[in-house]
>>> print(open('input-v8.cif').read())   # mmCIF, C-alpha atoms; chains and numbers go by the auth columns
data_target
loop_
_atom_site.group_PDB
_atom_site.id
_atom_site.type_symbol
_atom_site.label_atom_id
_atom_site.label_comp_id
_atom_site.label_asym_id
_atom_site.label_seq_id
_atom_site.Cartn_x
_atom_site.Cartn_y
_atom_site.Cartn_z
_atom_site.B_iso_or_equiv
_atom_site.auth_seq_id
_atom_site.auth_asym_id
ATOM 1 C CA MET A 1 12.064 35.103 -5.380 0.00 1 A
ATOM 2 C CA SER A 2 10.002 34.422 -8.511 0.00 2 A
ATOM 3 C CA ARG A 3 6.191 34.320 -8.403 0.00 3 A
ATOM 4 C CA ILE A 4 6.214 30.535 -8.976 0.00 4 A
ATOM 5 C CA GLU A 5 8.616 29.999 -6.081 0.00 5 A
ATOM 6 C CA ASP A 6 6.502 32.283 -3.873 0.00 6 A
ATOM 7 C CA ILE A 7 3.307 30.318 -4.659 0.00 7 A
ATOM 8 C CA SER A 8 5.119 27.035 -4.051 0.00 8 A
ATOM 9 C CA LYS A 9 6.389 28.217 -0.655 0.00 9 A
ATOM 10 C CA LYS A 10 2.938 29.439 0.383 0.00 10 A
ATOM 11 C CA SER A 11 1.371 26.128 -0.654 0.00 11 A
ATOM 12 C CA LYS A 12 3.973 24.182 1.309 0.00 12 A
ATOM 13 C CA ASP A 13 3.421 26.386 4.381 0.00 13 A
ATOM 14 C CA GLU A 14 -0.357 25.913 4.138 0.00 14 A
ATOM 15 C CA ILE A 15 0.011 22.126 3.874 0.00 15 A
ATOM 16 C CA LEU A 16 2.361 21.960 6.861 0.00 16 A
ATOM 17 C CA LYS A 17 0.042 24.205 8.884 0.00 17 A
ATOM 18 C CA SER A 18 -2.953 22.015 8.045 0.00 18 A
ATOM 19 C CA LEU A 19 -1.052 18.882 9.062 0.00 19 A
ATOM 20 C CA ASP A 20 0.025 20.497 12.305 0.00 20 A
ATOM 21 C CA ASN A 21 -3.548 21.572 13.103 0.00 21 A
ATOM 22 C CA ALA A 22 -4.875 18.111 12.252 0.00 22 A
ATOM 23 C CA TYR A 23 -2.343 16.516 14.581 0.00 23 A
ATOM 24 C CA ARG A 24 -3.623 18.726 17.420 0.00 24 A
ATOM 25 C CA ILE A 25 -7.315 17.804 17.081 0.00 25 A
ATOM 26 C CA LYS A 26 -8.588 17.174 20.603 0.00 26 A
ATOM 27 C CA ASN A 27 -10.848 14.304 21.602 0.00 27 A
ATOM 28 C CA PHE A 28 -10.081 12.464 18.371 0.00 28 A
ATOM 29 C CA GLN A 29 -11.676 9.026 18.246 0.00 29 A
ATOM 30 C CA HIS A 30 -10.921 6.223 15.837 0.00 30 A
ATOM 31 C CA SER A 31 -13.902 4.968 13.875 0.00 31 A
ATOM 32 C CA ASN A 32 -14.311 1.319 12.966 0.00 32 A
ATOM 33 C CA SER A 33 -13.142 0.260 9.522 0.00 33 A
ATOM 34 C CA ILE A 34 -15.800 -1.248 7.280 0.00 34 A
ATOM 35 C CA ASP A 35 -15.062 -4.128 4.932 0.00 35 A
ATOM 36 C CA PRO A 36 -17.145 -3.734 1.728 0.00 36 A
ATOM 37 C CA VAL A 37 -16.976 -7.482 1.007 0.00 37 A
ATOM 38 C CA GLU A 38 -17.511 -8.714 4.552 0.00 38 A
ATOM 39 C CA HIS A 39 -21.030 -9.956 3.800 0.00 39 A
ATOM 40 C CA ILE A 40 -19.758 -12.491 1.233 0.00 40 A
ATOM 41 C CA GLN A 41 -16.911 -13.881 3.303 0.00 41 A
ATOM 42 C CA SER A 42 -16.840 -17.474 4.454 0.00 42 A
ATOM 43 C CA SER A 43 -18.335 -18.373 7.817 0.00 43 A
ATOM 44 C CA GLY A 44 -16.376 -21.637 7.980 0.00 44 A
ATOM 45 C CA ASN A 45 -13.248 -22.566 9.931 0.00 45 A
ATOM 46 C CA ALA A 46 -11.048 -19.447 9.861 0.00 46 A
ATOM 47 C CA ILE A 47 -7.744 -21.281 10.350 0.00 47 A
ATOM 48 C CA GLU A 48 -8.404 -23.793 7.580 0.00 48 A
ATOM 49 C CA GLU A 49 -9.537 -20.999 5.261 0.00 49 A
ATOM 50 C CA LEU A 50 -6.395 -19.020 6.122 0.00 50 A
ATOM 51 C CA LYS A 51 -4.133 -21.985 5.361 0.00 51 A
ATOM 52 C CA ALA A 52 -5.833 -22.647 2.023 0.00 52 A
ATOM 53 C CA LYS A 53 -5.754 -19.027 0.868 0.00 53 A
ATOM 54 C CA MET A 54 -2.207 -18.438 2.073 0.00 54 A
ATOM 55 C CA SER A 55 -1.103 -21.483 0.090 0.00 55 A
ATOM 56 C CA ALA A 56 -2.859 -20.008 -2.939 0.00 56 A
ATOM 57 C CA ASN A 57 -0.936 -16.774 -2.300 0.00 57 A
ATOM 58 C CA LYS A 58 2.349 -18.753 -2.473 0.00 58 A
ATOM 59 C CA TYR A 59 3.031 -18.770 1.242 0.00 59 A
ATOM 60 C CA ILE A 60 4.620 -21.968 2.492 0.00 60 A
ATOM 61 C CA VAL A 61 2.369 -22.864 5.410 0.00 61 A
ATOM 62 C CA GLU A 62 3.943 -24.515 8.461 0.00 62 A
ATOM 63 C CA GLU A 63 2.600 -25.451 11.891 0.00 63 A
ATOM 64 C CA SER A 64 4.398 -25.755 15.202 0.00 64 A
ATOM 65 C CA SER A 65 3.910 -25.710 18.941 0.00 65 A
ATOM 66 C CA LYS A 66 5.077 -22.588 20.780 0.00 66 A
ATOM 67 C CA ASP A 67 7.908 -24.422 22.541 0.00 67 A
ATOM 68 C CA ARG A 68 9.334 -25.726 19.251 0.00 68 A
ATOM 69 C CA LEU A 69 9.396 -22.518 17.216 0.00 69 A
ATOM 70 C CA GLU A 70 13.194 -22.314 17.174 0.00 70 A
ATOM 71 C CA GLU A 71 13.368 -25.921 15.987 0.00 71 A
ATOM 72 C CA LYS A 72 10.856 -25.190 13.210 0.00 72 A
ATOM 73 C CA ILE A 73 12.867 -22.125 12.132 0.00 73 A
ATOM 74 C CA ASN A 74 16.033 -24.236 11.938 0.00 74 A
ATOM 75 C CA GLU A 75 14.174 -26.813 9.864 0.00 75 A
ATOM 76 C CA ILE A 76 13.017 -24.158 7.396 0.00 76 A
ATOM 77 C CA VAL A 77 16.364 -22.381 7.112 0.00 77 A
ATOM 78 C CA SER A 78 18.280 -25.637 6.609 0.00 78 A
ATOM 79 C CA LYS A 79 16.343 -26.234 3.371 0.00 79 A
ATOM 80 C CA TYR A 80 17.894 -23.095 1.885 0.00 80 A
ATOM 81 C CA GLY A 81 21.330 -23.320 3.476 0.00 81 A
ATOM 82 C CA TYR A 82 21.050 -19.757 4.774 0.00 82 A
ATOM 83 C CA LYS A 83 23.476 -18.581 7.455 0.00 83 A
ATOM 84 C CA LYS A 84 22.859 -14.873 8.165 0.00 84 A
ATOM 85 C CA MET A 85 19.816 -13.869 10.194 0.00 85 A
ATOM 86 C CA ILE A 86 18.356 -10.452 10.976 0.00 86 A
ATOM 87 C CA TYR A 87 15.718 -9.901 13.638 0.00 87 A
ATOM 88 C CA GLY A 88 13.995 -7.226 15.709 0.00 88 A
ATOM 89 C CA THR A 89 14.344 -6.568 19.415 0.00 89 A
ATOM 90 C CA GLY A 90 10.764 -7.705 20.030 0.00 90 A
ATOM 91 C CA LEU A 91 11.142 -11.170 18.505 0.00 91 A
ATOM 92 C CA GLY A 92 10.798 -13.005 21.812 0.00 92 A
ATOM 93 C CA LEU A 93 12.631 -16.218 20.891 0.00 93 A
ATOM 94 C CA ASP A 94 15.664 -18.004 22.345 0.00 94 A
ATOM 95 C CA LEU A 95 18.262 -16.851 19.816 0.00 95 A
ATOM 96 C CA GLY A 96 20.785 -19.337 21.187 0.00 96 A
ATOM 97 C CA LYS A 97 18.664 -22.161 19.796 0.00 97 A
ATOM 98 C CA ILE A 98 18.547 -20.765 16.248 0.00 98 A
ATOM 99 C CA ASN A 99 21.244 -22.047 13.885 0.00 99 A
ATOM 100 C CA ALA A 100 22.913 -19.123 12.108 0.00 100 A
ATOM 101 C CA ASP A 101 26.520 -18.065 11.684 0.00 101 A
ATOM 102 C CA GLU A 102 25.525 -14.401 12.030 0.00 102 A
ATOM 103 C CA LYS A 103 22.591 -12.957 13.973 0.00 103 A
ATOM 104 C CA ILE A 104 22.078 -9.247 13.373 0.00 104 A
ATOM 105 C CA CYS A 105 19.755 -7.290 15.643 0.00 105 A
ATOM 106 C CA PHE A 106 17.900 -4.505 13.815 0.00 106 A
ATOM 107 C CA ASP A 107 18.281 -2.033 16.685 0.00 107 A
ATOM 108 C CA LYS A 108 19.718 0.956 14.812 0.00 108 A
ATOM 109 C CA GLU A 109 18.544 3.345 12.123 0.00 109 A
ATOM 110 C CA ILE A 110 18.569 1.865 8.620 0.00 110 A
ATOM 111 C CA GLU A 111 21.402 4.230 7.622 0.00 111 A
ATOM 112 C CA ASN A 112 23.632 2.487 10.152 0.00 112 A
ATOM 113 C CA LEU A 113 22.591 -1.057 9.226 0.00 113 A
ATOM 114 C CA ARG A 114 21.964 -0.838 5.495 0.00 114 A
ATOM 115 C CA GLN A 115 24.660 -3.353 4.527 0.00 115 A
ATOM 116 C CA ASP A 116 23.417 -5.952 7.016 0.00 116 A
ATOM 117 C CA VAL A 117 19.735 -5.407 6.249 0.00 117 A
ATOM 118 C CA PHE A 118 20.116 -5.863 2.496 0.00 118 A
ATOM 119 C CA HIS A 119 22.633 -8.687 2.708 0.00 119 A
ATOM 120 C CA SER A 120 21.000 -10.875 5.336 0.00 120 A
ATOM 121 C CA ASP A 121 19.702 -14.257 4.210 0.00 121 A
ATOM 122 C CA PHE A 122 16.599 -14.505 6.350 0.00 122 A
ATOM 123 C CA SER A 123 14.468 -12.688 8.895 0.00 123 A
ATOM 124 C CA VAL A 124 11.960 -13.835 11.498 0.00 124 A
ATOM 125 C CA VAL A 125 9.004 -11.556 12.287 0.00 125 A
ATOM 126 C CA ASN A 126 5.840 -11.681 14.368 0.00 126 A
ATOM 127 C CA ALA A 127 2.466 -11.112 12.716 0.00 127 A
ATOM 128 C CA LYS A 128 -0.231 -9.378 14.746 0.00 128 A
ATOM 129 C CA TYR A 129 -3.114 -11.044 12.921 0.00 129 A
ATOM 130 C CA GLY A 130 -3.884 -13.385 10.068 0.00 130 A
ATOM 131 C CA VAL A 131 -6.860 -12.586 7.813 0.00 131 A
ATOM 132 C CA SER A 132 -8.581 -15.721 6.546 0.00 132 A
ATOM 133 C CA SER A 133 -10.772 -13.994 3.938 0.00 133 A
ATOM 134 C CA HIS A 134 -7.720 -12.849 1.963 0.00 134 A
ATOM 135 C CA GLY A 135 -4.965 -15.200 3.119 0.00 135 A
ATOM 136 C CA VAL A 136 -2.728 -12.393 4.371 0.00 136 A
ATOM 137 C CA ALA A 137 -0.760 -11.617 7.529 0.00 137 A
ATOM 138 C CA LEU A 138 -0.983 -8.218 9.217 0.00 138 A
ATOM 139 C CA LEU A 139 2.343 -6.854 10.458 0.00 139 A
ATOM 140 C CA THR A 140 2.823 -3.565 12.273 0.00 140 A
ATOM 141 C CA SER A 141 6.019 -1.540 12.057 0.00 141 A
ATOM 142 C CA SER A 142 7.760 -0.344 15.189 0.00 142 A
ATOM 143 C CA LYS A 143 11.241 0.163 16.649 0.00 143 A
ATOM 144 C CA GLU A 144 11.001 -3.409 17.921 0.00 144 A
ATOM 145 C CA GLN A 145 10.136 -4.737 14.449 0.00 145 A
ATOM 146 C CA PRO A 146 11.113 -2.356 11.626 0.00 146 A
ATOM 147 C CA ARG A 147 9.287 -2.552 8.295 0.00 147 A
ATOM 148 C CA MET A 148 12.356 -3.600 6.302 0.00 148 A
ATOM 149 C CA LEU A 149 12.596 -6.915 8.175 0.00 149 A
ATOM 150 C CA SER A 150 9.784 -8.336 6.042 0.00 150 A
ATOM 151 C CA LEU A 151 11.045 -6.822 2.787 0.00 151 A
ATOM 152 C CA ALA A 152 14.821 -7.015 2.444 0.00 152 A
ATOM 153 C CA PRO A 153 15.997 -10.603 3.173 0.00 153 A
ATOM 154 C CA MET A 154 15.660 -13.417 0.650 0.00 154 A
ATOM 155 C CA LEU A 155 13.581 -15.468 3.103 0.00 155 A
ATOM 156 C CA CYS A 156 11.046 -14.103 5.584 0.00 156 A
ATOM 157 C CA ILE A 157 9.632 -16.388 8.282 0.00 157 A
ATOM 158 C CA VAL A 158 6.384 -15.046 9.732 0.00 158 A
ATOM 159 C CA LEU A 159 5.191 -16.312 13.114 0.00 159 A
ATOM 160 C CA LEU A 160 1.443 -16.182 13.805 0.00 160 A
ATOM 161 C CA LYS A 161 -0.569 -17.315 16.816 0.00 161 A
ATOM 162 C CA LYS A 162 -3.620 -19.340 15.792 0.00 162 A
ATOM 163 C CA GLU A 163 -5.702 -17.395 18.302 0.00 163 A
ATOM 164 C CA ASN A 164 -4.982 -14.233 16.285 0.00 164 A
ATOM 165 C CA VAL A 165 -6.618 -15.459 13.073 0.00 165 A
ATOM 166 C CA VAL A 166 -9.629 -13.306 12.162 0.00 166 A
ATOM 167 C CA LYS A 167 -12.055 -13.467 9.262 0.00 167 A
ATOM 168 C CA SER A 168 -11.833 -10.021 7.652 0.00 168 A
ATOM 169 C CA LEU A 169 -9.539 -7.090 6.952 0.00 169 A
ATOM 170 C CA SER A 170 -11.850 -4.762 8.868 0.00 170 A
ATOM 171 C CA GLU A 171 -11.802 -6.981 11.951 0.00 171 A
ATOM 172 C CA ALA A 172 -7.988 -7.008 11.955 0.00 172 A
ATOM 173 C CA LEU A 173 -7.761 -3.220 11.501 0.00 173 A
ATOM 174 C CA ASN A 174 -10.327 -2.552 14.211 0.00 174 A
ATOM 175 C CA LEU A 175 -8.374 -4.707 16.640 0.00 175 A
ATOM 176 C CA VAL A 176 -5.179 -2.754 15.880 0.00 176 A
ATOM 177 C CA LYS A 177 -7.051 0.522 16.420 0.00 177 A
ATOM 178 C CA LYS A 178 -8.517 -0.736 19.682 0.00 178 A
ATOM 179 C CA GLU A 179 -5.163 -1.682 21.183 0.00 179 A
ATOM 180 C CA SER A 180 -3.162 1.291 19.869 0.00 180 A
ATOM 181 C CA GLU A 181 -3.808 4.832 21.058 0.00 181 A
ATOM 182 C CA ILE A 182 -1.431 5.956 18.318 0.00 182 A
ATOM 183 C CA LEU A 183 -1.534 3.826 15.176 0.00 183 A
ATOM 184 C CA PRO A 184 1.733 2.280 13.933 0.00 184 A
ATOM 185 C CA SER A 185 3.660 4.198 11.290 0.00 185 A
ATOM 186 C CA ASN A 186 3.065 1.285 8.900 0.00 186 A
ATOM 187 C CA ILE A 187 0.477 -1.475 8.812 0.00 187 A
ATOM 188 C CA LEU A 188 1.499 -4.164 6.332 0.00 188 A
ATOM 189 C CA PHE A 189 -0.718 -6.820 4.818 0.00 189 A
ATOM 190 C CA VAL A 190 1.762 -9.413 3.561 0.00 190 A
ATOM 191 C CA ALA A 191 0.305 -11.620 0.836 0.00 191 A
ATOM 192 C CA GLY A 192 3.200 -14.032 0.409 0.00 192 A
ATOM 193 C CA PRO A 193 6.447 -13.553 -1.530 0.00 193 A
ATOM 194 C CA SER A 194 7.049 -10.503 -3.687 0.00 194 A
ATOM 195 C CA ARG A 195 6.152 -11.162 -7.312 0.00 195 A
ATOM 196 C CA THR A 196 5.394 -9.406 -10.576 0.00 196 A
ATOM 197 C CA ALA A 197 4.478 -10.409 -14.112 0.00 197 A
ATOM 198 C CA ASP A 198 5.453 -7.088 -15.702 0.00 198 A
ATOM 199 C CA ILE A 199 8.453 -8.627 -17.440 0.00 199 A
ATOM 200 C CA GLU A 200 7.181 -10.353 -20.609 0.00 200 A
ATOM 201 C CA LEU A 201 4.208 -11.705 -18.577 0.00 201 A
ATOM 202 C CA ILE A 202 6.554 -14.100 -16.780 0.00 202 A
ATOM 203 C CA THR A 203 6.073 -14.263 -13.013 0.00 203 A
ATOM 204 C CA VAL A 204 9.236 -13.147 -11.234 0.00 204 A
ATOM 205 C CA PHE A 205 9.628 -13.557 -7.468 0.00 205 A
ATOM 206 C CA GLY A 206 11.517 -11.270 -5.092 0.00 206 A
ATOM 207 C CA VAL A 207 11.441 -8.043 -7.105 0.00 207 A
ATOM 208 C CA HIS A 208 10.283 -5.786 -4.257 0.00 208 A
ATOM 209 C CA GLY A 209 10.555 -8.130 -1.274 0.00 209 A
ATOM 210 C CA SER A 210 11.395 -11.633 -0.128 0.00 210 A
ATOM 211 C CA GLN A 211 11.550 -14.471 -2.658 0.00 211 A
ATOM 212 C CA GLN A 212 10.289 -17.008 -0.135 0.00 212 A
ATOM 213 C CA VAL A 213 7.831 -16.474 2.723 0.00 213 A
ATOM 214 C CA HIS A 214 6.975 -19.143 5.275 0.00 214 A
ATOM 215 C CA ILE A 215 4.102 -18.670 7.711 0.00 215 A
ATOM 216 C CA VAL A 216 4.389 -20.642 10.950 0.00 216 A
ATOM 217 C CA LEU A 217 1.077 -21.107 12.776 0.00 217 A
ATOM 218 C CA TYR A 218 1.408 -22.001 16.437 0.00 218 A
#
>>> encode(input="input-v8.cif", output="structure tokens")
Amino acid sequence: MSRIEDISKKSKDEILKSLDNAYRIKNFQHSNSIDPVEHIQSSGNAIEELKAKMSANKYIVEESSKDRLEEKINEIVSKYGYKKMIYGTGLGLDLGKINADEKICFDKEIENLRQDVFHSDFSVVNAKYGVSSHGVALLTSSKEQPRMLSLAPMLCIVLLKKENVVKSLSEALNLVKKESEILPSNILFVAGPSRTADIELITVFGVHGSQQVHIVLY
């Protein structure tokens, strides 16, 4: 083994040991997140602020009652003519009421569902919270709702309870910490459809995620 390889192996071992020791810290307590811009955020109606800022972020904002969510989803999907749906096990809707030729449950590892994940037309996901100060939806990743559900399909429909609209990023994060002894592997703040202006300063949608994102408040 060369000296460079030996140093590299020792560094790797030290990093892994440090991570292992950190994981075993006893009596660990989460500390509250602090939002550096919280003092300048609006004190007005959080839901109206959320709707306005999400619209500015290129979300398509919808509203529905809880008992008509499936009908609202059908209404949205019919505009695009999409037929293949992918969803997580924790969706909590009556799938029989949703119009789709194919309904794929994301209940396996991505390696076993890659073709379906990347060739599905639309997904439906649940947001934990909506943040009115930034016009974003907070999604947590889990086995019931894998991260790729909000990234791979052309259309992502995000469902959000109005009672779960909060005013700041820190408030949303602190609520997730409070309810989760172990934090989710991913916490996503979705700010509308994927877009970039790197290509000749022309805005292009869907480069790293969905081209269309609808938020359904209920």
>>> closest_residue(input="input-v8.cif", among="A:Ser194, A:Ser133, A:Gln212, A:Lys143", to="A:Asn45", atoms="all atoms listed in the file")
A:Ser133
>>> residues_around(input="input-v8.cif", residues="A:Ala52", least_positions_apart="4", cutoff="12 Å", atoms="all atoms listed in the file", output="mmCIF file with C-alpha atoms, in the frame of the given file")
data_model
loop_
_atom_site.group_PDB
_atom_site.id
_atom_site.type_symbol
_atom_site.label_atom_id
_atom_site.label_comp_id
_atom_site.auth_asym_id
_atom_site.auth_seq_id
_atom_site.Cartn_x
_atom_site.Cartn_y
_atom_site.Cartn_z
ATOM 1 C CA ASN A 45 -13.248 -22.566 9.931
ATOM 2 C CA ALA A 46 -11.048 -19.447 9.861
ATOM 3 C CA ILE A 47 -7.744 -21.281 10.350
ATOM 4 C CA GLU A 48 -8.404 -23.793 7.580
ATOM 5 C CA ALA A 56 -2.859 -20.008 -2.939
ATOM 6 C CA ASN A 57 -0.936 -16.774 -2.300
ATOM 7 C CA LYS A 58 2.349 -18.753 -2.473
ATOM 8 C CA TYR A 59 3.031 -18.770 1.242
ATOM 9 C CA ILE A 60 4.620 -21.968 2.492
ATOM 10 C CA VAL A 61 2.369 -22.864 5.410
ATOM 11 C CA GLU A 62 3.943 -24.515 8.461
ATOM 12 C CA VAL A 131 -6.860 -12.586 7.813
ATOM 13 C CA SER A 132 -8.581 -15.721 6.546
ATOM 14 C CA SER A 133 -10.772 -13.994 3.938
ATOM 15 C CA HIS A 134 -7.720 -12.849 1.963
ATOM 16 C CA GLY A 135 -4.965 -15.200 3.119
ATOM 17 C CA VAL A 136 -2.728 -12.393 4.371
#
>>> resolve_selection(input="input-v8.cif", expression="the PyMOL selection byres ((chain A and resi 119) around 9)", output="PyMOL selection string")
chain A and resi 84+114-118+120-121+152-154
>>> residues_around(input="input-v8.cif", residues="A:Gly88", least_positions_apart="2", cutoff="6 Å", atoms="only C-alpha atoms", output="MDAnalysis selection string")
chainID A and resid 90:91 105:106 144:145
>>> atom_distance(input="input-v8.cif", atom1="atom CA of A:Ile76", atom2="atom CA of A:Leu151")
18.0 Å
>>> resolve_selection(input="input-v8.cif", expression="the PyMOL selection byres ((chain A and resi 72) around 12)", output="number ranges by chain")
A: 61-71, 73-79, 93, 97-99, 124, 157-159, 214-218
>>> write_last_selection(input="input-v8.cif", atoms="C-alpha atoms", output="short mmCIF file (atom, residue, chain, number, x, y, z; two decimals), keeping the file's coordinate frame")
data_model
loop_
_atom_site.label_atom_id
_atom_site.label_comp_id
_atom_site.auth_asym_id
_atom_site.auth_seq_id
_atom_site.Cartn_x
_atom_site.Cartn_y
_atom_site.Cartn_z
CA VAL A 61 2.37 -22.86 5.41
CA GLU A 62 3.94 -24.52 8.46
CA GLU A 63 2.60 -25.45 11.89
CA SER A 64 4.40 -25.76 15.20
CA SER A 65 3.91 -25.71 18.94
CA LYS A 66 5.08 -22.59 20.78
CA ASP A 67 7.91 -24.42 22.54
CA ARG A 68 9.33 -25.73 19.25
CA LEU A 69 9.40 -22.52 17.22
CA GLU A 70 13.19 -22.31 17.17
CA GLU A 71 13.37 -25.92 15.99
CA ILE A 73 12.87 -22.12 12.13
CA ASN A 74 16.03 -24.24 11.94
CA GLU A 75 14.17 -26.81 9.86
CA ILE A 76 13.02 -24.16 7.40
CA VAL A 77 16.36 -22.38 7.11
CA SER A 78 18.28 -25.64 6.61
CA LYS A 79 16.34 -26.23 3.37
CA LEU A 93 12.63 -16.22 20.89
CA LYS A 97 18.66 -22.16 19.80
CA ILE A 98 18.55 -20.76 16.25
CA ASN A 99 21.24 -22.05 13.88
CA VAL A 124 11.96 -13.84 11.50
CA ILE A 157 9.63 -16.39 8.28
CA VAL A 158 6.38 -15.05 9.73
CA LEU A 159 5.19 -16.31 13.11
CA HIS A 214 6.98 -19.14 5.28
CA ILE A 215 4.10 -18.67 7.71
CA VAL A 216 4.39 -20.64 10.95
CA LEU A 217 1.08 -21.11 12.78
CA TYR A 218 1.41 -22.00 16.44
#
>>> closest_residue(input="input-v8.cif", among="A:Leu188, A:Ser142, A:Ser210, A:Asn174", to="A:Ser123", atoms="only C-alpha atoms")
A:Ser210
>>> atom_distance(input="input-v8.cif", atom1="atom CA of A:Ala127", atom2="atom CA of A:Ala172")
11.3 Å
>>> resolve_selection(input="input-v8.cif", expression="the PyMOL selection byres ((chain A and resi 162) around 9)", output="ChimeraX atom specification")
/A:47,129-130,160-161,163-165,217-218
>>> atom_distance(input="input-v8.cif", atom1="atom CA of A:Ile187", atom2="atom CA of A:Glu49")
22.2 Å
>>> closest_residue(input="input-v8.cif", among="A:Lys83, A:Lys17, A:Lys103, A:Lys128", to="A:Val166", atoms="only C-alpha atoms")
A:Lys128
>>> closest_residue(input="input-v8.cif", among="A:Asn32, A:Ser141, A:Asn126, A:Ser150", to="A:Leu175", atoms="all atoms listed in the file")
A:Asn32
